[in-house]
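The next block holds one structure in the form of structure tokens; read it before the comments.
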Amino acid sequence: MTKVTMKLEDLTCPSCMAKIEGAMLKTKGVRCVKVLFNASKVKAEFEEELVTADQLVSKIEKLGYPVLSSKTAAM
């Protein structure tokens, strides 16, 4: 299991949070997602054998939310 934390540009509404969480949870290999609205961060736990951190970043950016930075850590 691997953990990624992504810093986004400021989120403007709670529906952004739900949109990101929904898309991430539908991604094969993602086990847990938490969007921190006030901090504009996304934290996710995923299985690296099924999906990479770069793929998760790309998925969020395709939703229209620029990712400013991301950090991964093994669990």
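Each chain in the structure tokens gets a letter, A, B, ..., in the order shown, and its residues are numbered from 1; ligands are numbered from 1 in order too.
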Write out as a JSON list (two decimals) with N, CA and C atoms, in the first residue's frame each polymer residue whose atoms come within 12 Å of A:Asn38, counting only C-alpha atoms; drop sequence neighbours fewer than 5 positions from it.
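So the final result, stored in around-v2.json, reads:
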```
[["chain", "number", "residue", "atom", "x", "y", "z"],
["A", 7, "LYS", "N", -1.43, 18.49, -3.38],
["A", 7, "LYS", "CA", -1.84, 19.86, -3.10],
["A", 7, "LYS", "C", -2.45, 20.42, -4.37],
["A", 8, "LEU", "N", -3.68, 20.93, -4.26],
["A", 8, "LEU", "CA", -4.39, 21.47, -5.41],
["A", 8, "LEU", "C", -4.48, 22.98, -5.31],
["A", 9, "GLU", "N", -4.89, 23.62, -6.41],
["A", 9, "GLU", "CA", -5.25, 25.03, -6.33],
["A", 9, "GLU", "C", -6.47, 25.09, -5.42],
["A", 10, "ASP", "N", -6.79, 26.27, -4.92],
["A", 10, "ASP", "CA", -7.91, 26.41, -3.98],
["A", 10, "ASP", "C", -9.20, 25.81, -4.54],
["A", 11, "LEU", "N", -9.85, 25.00, -3.71],
["A", 11, "LEU", "CA", -11.15, 24.44, -4.06],
["A", 11, "LEU", "C", -12.20, 25.51, -3.74],
["A", 12, "THR", "N", -13.18, 25.65, -4.62],
["A", 12, "THR", "CA", -14.14, 26.74, -4.46],
["A", 12, "THR", "C", -15.50, 26.31, -3.92],
["A", 13, "CYS", "N", -15.81, 25.02, -3.97],
["A", 13, "CYS", "CA", -17.13, 24.61, -3.49],
["A", 13, "CYS", "C", -17.09, 23.15, -3.01],
["A", 14, "PRO", "N", -18.01, 22.81, -2.11],
["A", 14, "PRO", "CA", -18.05, 21.43, -1.61],
["A", 14, "PRO", "C", -18.34, 20.39, -2.69],
["A", 16, "CYS", "N", -16.95, 20.26, -5.50],
["A", 16, "CYS", "CA", -15.63, 19.89, -6.04],
["A", 16, "CYS", "C", -15.09, 18.70, -5.26],
["A", 17, "MET", "N", -15.25, 18.76, -3.96],
["A", 17, "MET", "CA", -14.77, 17.72, -3.06],
["A", 17, "MET", "C", -15.44, 16.38, -3.42]]
```
When DSSP is applied to the backbone of this structure, which of chain A are assigned strand (DSSP E or B)? Write them out as a ChimeraX atom specification.
/A:2-8,30-36,41-46,67-74
Residues near A:Glu61, cut-off 12 Å, only C-alpha atoms, skip fewer than 4 positions along chain, as JSON, numbers by chain:
{"A": [6, 7, 8, 9, 20, 23, 24, 54, 55, 56, 57, 65, 66, 67, 68, 69]}
Residue contacts of A:Lys43 (8 Å, only C-alpha atoms) excluding same-chain residues fewer than 5 positions away, as a ChimeraX atom specification
/A:3-6,33-36
Quick one: write out the picked residues with C-alpha atoms as a PDB file, in the first residue's frame?
```pdb
ATOM      1  CA  LYS A   3      -0.062   6.862   0.311  1.00  0.00           C
ATOM      2  CA  VAL A   4      -0.134  10.043  -1.799  1.00  0.00           C
ATOM      3  CA  THR A   5      -0.872  13.618  -0.757  1.00  0.00           C
ATOM      4  CA  MET A   6      -1.663  16.087  -3.519  1.00  0.00           C
ATOM      5  CA  VAL A  33      -9.600   8.934  -0.320  1.00  0.00           C
ATOM      6  CA  LYS A  34      -9.978  12.056   1.763  1.00  0.00           C
ATOM      7  CA  VAL A  35     -10.350  15.547   0.305  1.00  0.00           C
ATOM      8  CA  LEU A  36      -9.410  18.328   2.715  1.00  0.00           C
TER       9      LEU A  36
END
```
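Closest approach to A:Met75 among A:Ala53, A:Met1, A:Cys32, A:Ala44: A:Met1, based on only C-alpha atoms.
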How many Å separate atom CA of A:Ser15 from atom CA of A:Glu47?
26.4 Å
Near-A:Thr2 list (12 Å; only C-alpha atoms; drop same-chain fewer than 5 positions) as a list in words:
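Skipping anything fewer than 5 positions along the chain leaves Gly29, Val30, Arg31, Cys32, Lys43, Ala44, Glu45, Phe46, Glu47, Glu48, Glu49, Leu50, Val51, Thr52, Ala53, Lys71, Thr72, Ala73, Ala74 and Met75 of chain A.
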What does the file look like for those residues with N, CA and C atoms, as a PDB file, in the first residue's frame?
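Printed below is out-v1.pdb as written:
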```pdb
ATOM      1  N   GLY A  29      -7.730   0.047  -7.551  1.00  0.00           N
ATOM      2  CA  GLY A  29      -6.515   0.101  -6.747  1.00  0.00           C
ATOM      3  C   GLY A  29      -6.561   1.143  -5.638  1.00  0.00           C
ATOM      4  N   VAL A  30      -7.477   2.114  -5.742  1.00  0.00           N
ATOM      5  CA  VAL A  30      -7.599   3.140  -4.702  1.00  0.00           C
ATOM      6  C   VAL A  30      -8.443   2.573  -3.569  1.00  0.00           C
ATOM      7  N   ARG A  31      -7.896   2.601  -2.372  1.00  0.00           N
ATOM      8  CA  ARG A  31      -8.581   2.025  -1.211  1.00  0.00           C
ATOM      9  C   ARG A  31      -9.263   3.061  -0.329  1.00  0.00           C
ATOM     10  N   CYS A  32      -8.691   4.254  -0.253  1.00  0.00           N
ATOM     11  CA  CYS A  32      -9.208   5.267   0.664  1.00  0.00           C
ATOM     12  C   CYS A  32      -8.873   6.648   0.097  1.00  0.00           C
ATOM     13  N   LYS A  43      -5.783  13.286  -0.073  1.00  0.00           N
ATOM     14  CA  LYS A  43      -4.964  12.204   0.461  1.00  0.00           C
ATOM     15  C   LYS A  43      -5.606  10.895   0.027  1.00  0.00           C
ATOM     16  N   ALA A  44      -4.782   9.992  -0.492  1.00  0.00           N
ATOM     17  CA  ALA A  44      -5.311   8.716  -0.969  1.00  0.00           C
ATOM     18  C   ALA A  44      -4.350   7.583  -0.632  1.00  0.00           C
ATOM     19  N   GLU A  45      -4.921   6.418  -0.375  1.00  0.00           N
ATOM     20  CA  GLU A  45      -4.151   5.191  -0.188  1.00  0.00           C
ATOM     21  C   GLU A  45      -4.476   4.296  -1.378  1.00  0.00           C
ATOM     22  N   PHE A  46      -3.431   3.723  -1.987  1.00  0.00           N
ATOM     23  CA  PHE A  46      -3.652   2.929  -3.188  1.00  0.00           C
ATOM     24  C   PHE A  46      -2.634   1.804  -3.292  1.00  0.00           C
ATOM     25  N   GLU A  47      -2.977   0.832  -4.135  1.00  0.00           N
ATOM     26  CA  GLU A  47      -2.093  -0.297  -4.405  1.00  0.00           C
ATOM     27  C   GLU A  47      -1.289   0.009  -5.656  1.00  0.00           C
ATOM     28  N   GLU A  48       0.020   0.151  -5.501  1.00  0.00           N
ATOM     29  CA  GLU A  48       0.889   0.544  -6.604  1.00  0.00           C
ATOM     30  C   GLU A  48       0.932  -0.480  -7.737  1.00  0.00           C
ATOM     31  N   GLU A  49       0.549  -1.716  -7.459  1.00  0.00           N
ATOM     32  CA  GLU A  49       0.516  -2.735  -8.507  1.00  0.00           C
ATOM     33  C   GLU A  49      -0.621  -2.461  -9.496  1.00  0.00           C
ATOM     34  N   LEU A  50      -1.634  -1.706  -9.070  1.00  0.00           N
ATOM     35  CA  LEU A  50      -2.814  -1.473  -9.904  1.00  0.00           C
ATOM     36  C   LEU A  50      -2.895  -0.062 -10.473  1.00  0.00           C
ATOM     37  N   VAL A  51      -2.337   0.919  -9.780  1.00  0.00           N
ATOM     38  CA  VAL A  51      -2.406   2.313 -10.228  1.00  0.00           C
ATOM     39  C   VAL A  51      -1.208   3.067  -9.650  1.00  0.00           C
ATOM     40  N   THR A  52      -0.736   4.077 -10.373  1.00  0.00           N
ATOM     41  CA  THR A  52       0.410   4.852  -9.891  1.00  0.00           C
ATOM     42  C   THR A  52      -0.050   6.227  -9.393  1.00  0.00           C
ATOM     43  N   ALA A  53       0.810   6.871  -8.635  1.00  0.00           N
ATOM     44  CA  ALA A  53       0.512   8.221  -8.150  1.00  0.00           C
ATOM     45  C   ALA A  53       0.362   9.178  -9.330  1.00  0.00           C
ATOM     46  N   LYS A  71       3.193  14.148  -3.080  1.00  0.00           N
ATOM     47  CA  LYS A  71       4.211  13.403  -2.330  1.00  0.00           C
ATOM     48  C   LYS A  71       3.674  12.002  -2.083  1.00  0.00           C
ATOM     49  N   THR A  72       4.529  11.008  -2.296  1.00  0.00           N
ATOM     50  CA  THR A  72       4.132   9.632  -2.011  1.00  0.00           C
ATOM     51  C   THR A  72       4.972   9.069  -0.872  1.00  0.00           C
ATOM     52  N   ALA A  73       4.390   8.110  -0.181  1.00  0.00           N
ATOM     53  CA  ALA A  73       5.090   7.439   0.906  1.00  0.00           C
ATOM     54  C   ALA A  73       4.564   6.016   1.012  1.00  0.00           C
ATOM     55  N   ALA A  74       5.467   5.070   1.200  1.00  0.00           N
ATOM     56  CA  ALA A  74       5.073   3.676   1.414  1.00  0.00           C
ATOM     57  C   ALA A  74       4.489   3.546   2.810  1.00  0.00           C
ATOM     58  N   MET A  75       3.536   2.643   2.926  1.00  0.00           N
ATOM     59  CA  MET A  75       2.895   2.439   4.230  1.00  0.00           C
ATOM     60  C   MET A  75       3.392   1.159   4.849  1.00  0.00           C
TER      61      MET A  75
END
```
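Straight-line separation from atom CA of A:Ser40 to atom CA of A:Lys62: 16.6 Å.
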Backbone-only DSSP, helix (DSSP H, G or I) members of chain A, as a list in words:
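Secondary structure check on chain A, helix (DSSP H, G or I): Pro14, Ser15, Cys16, Met17, Ala18, Lys19, Ile20, Glu21, Gly22, Ala23, Met24, Leu25, Ala53, Asp54, Gln55, Leu56, Val57, Ser58, Lys59, Ile60, Glu61 and Lys62 of chain A.
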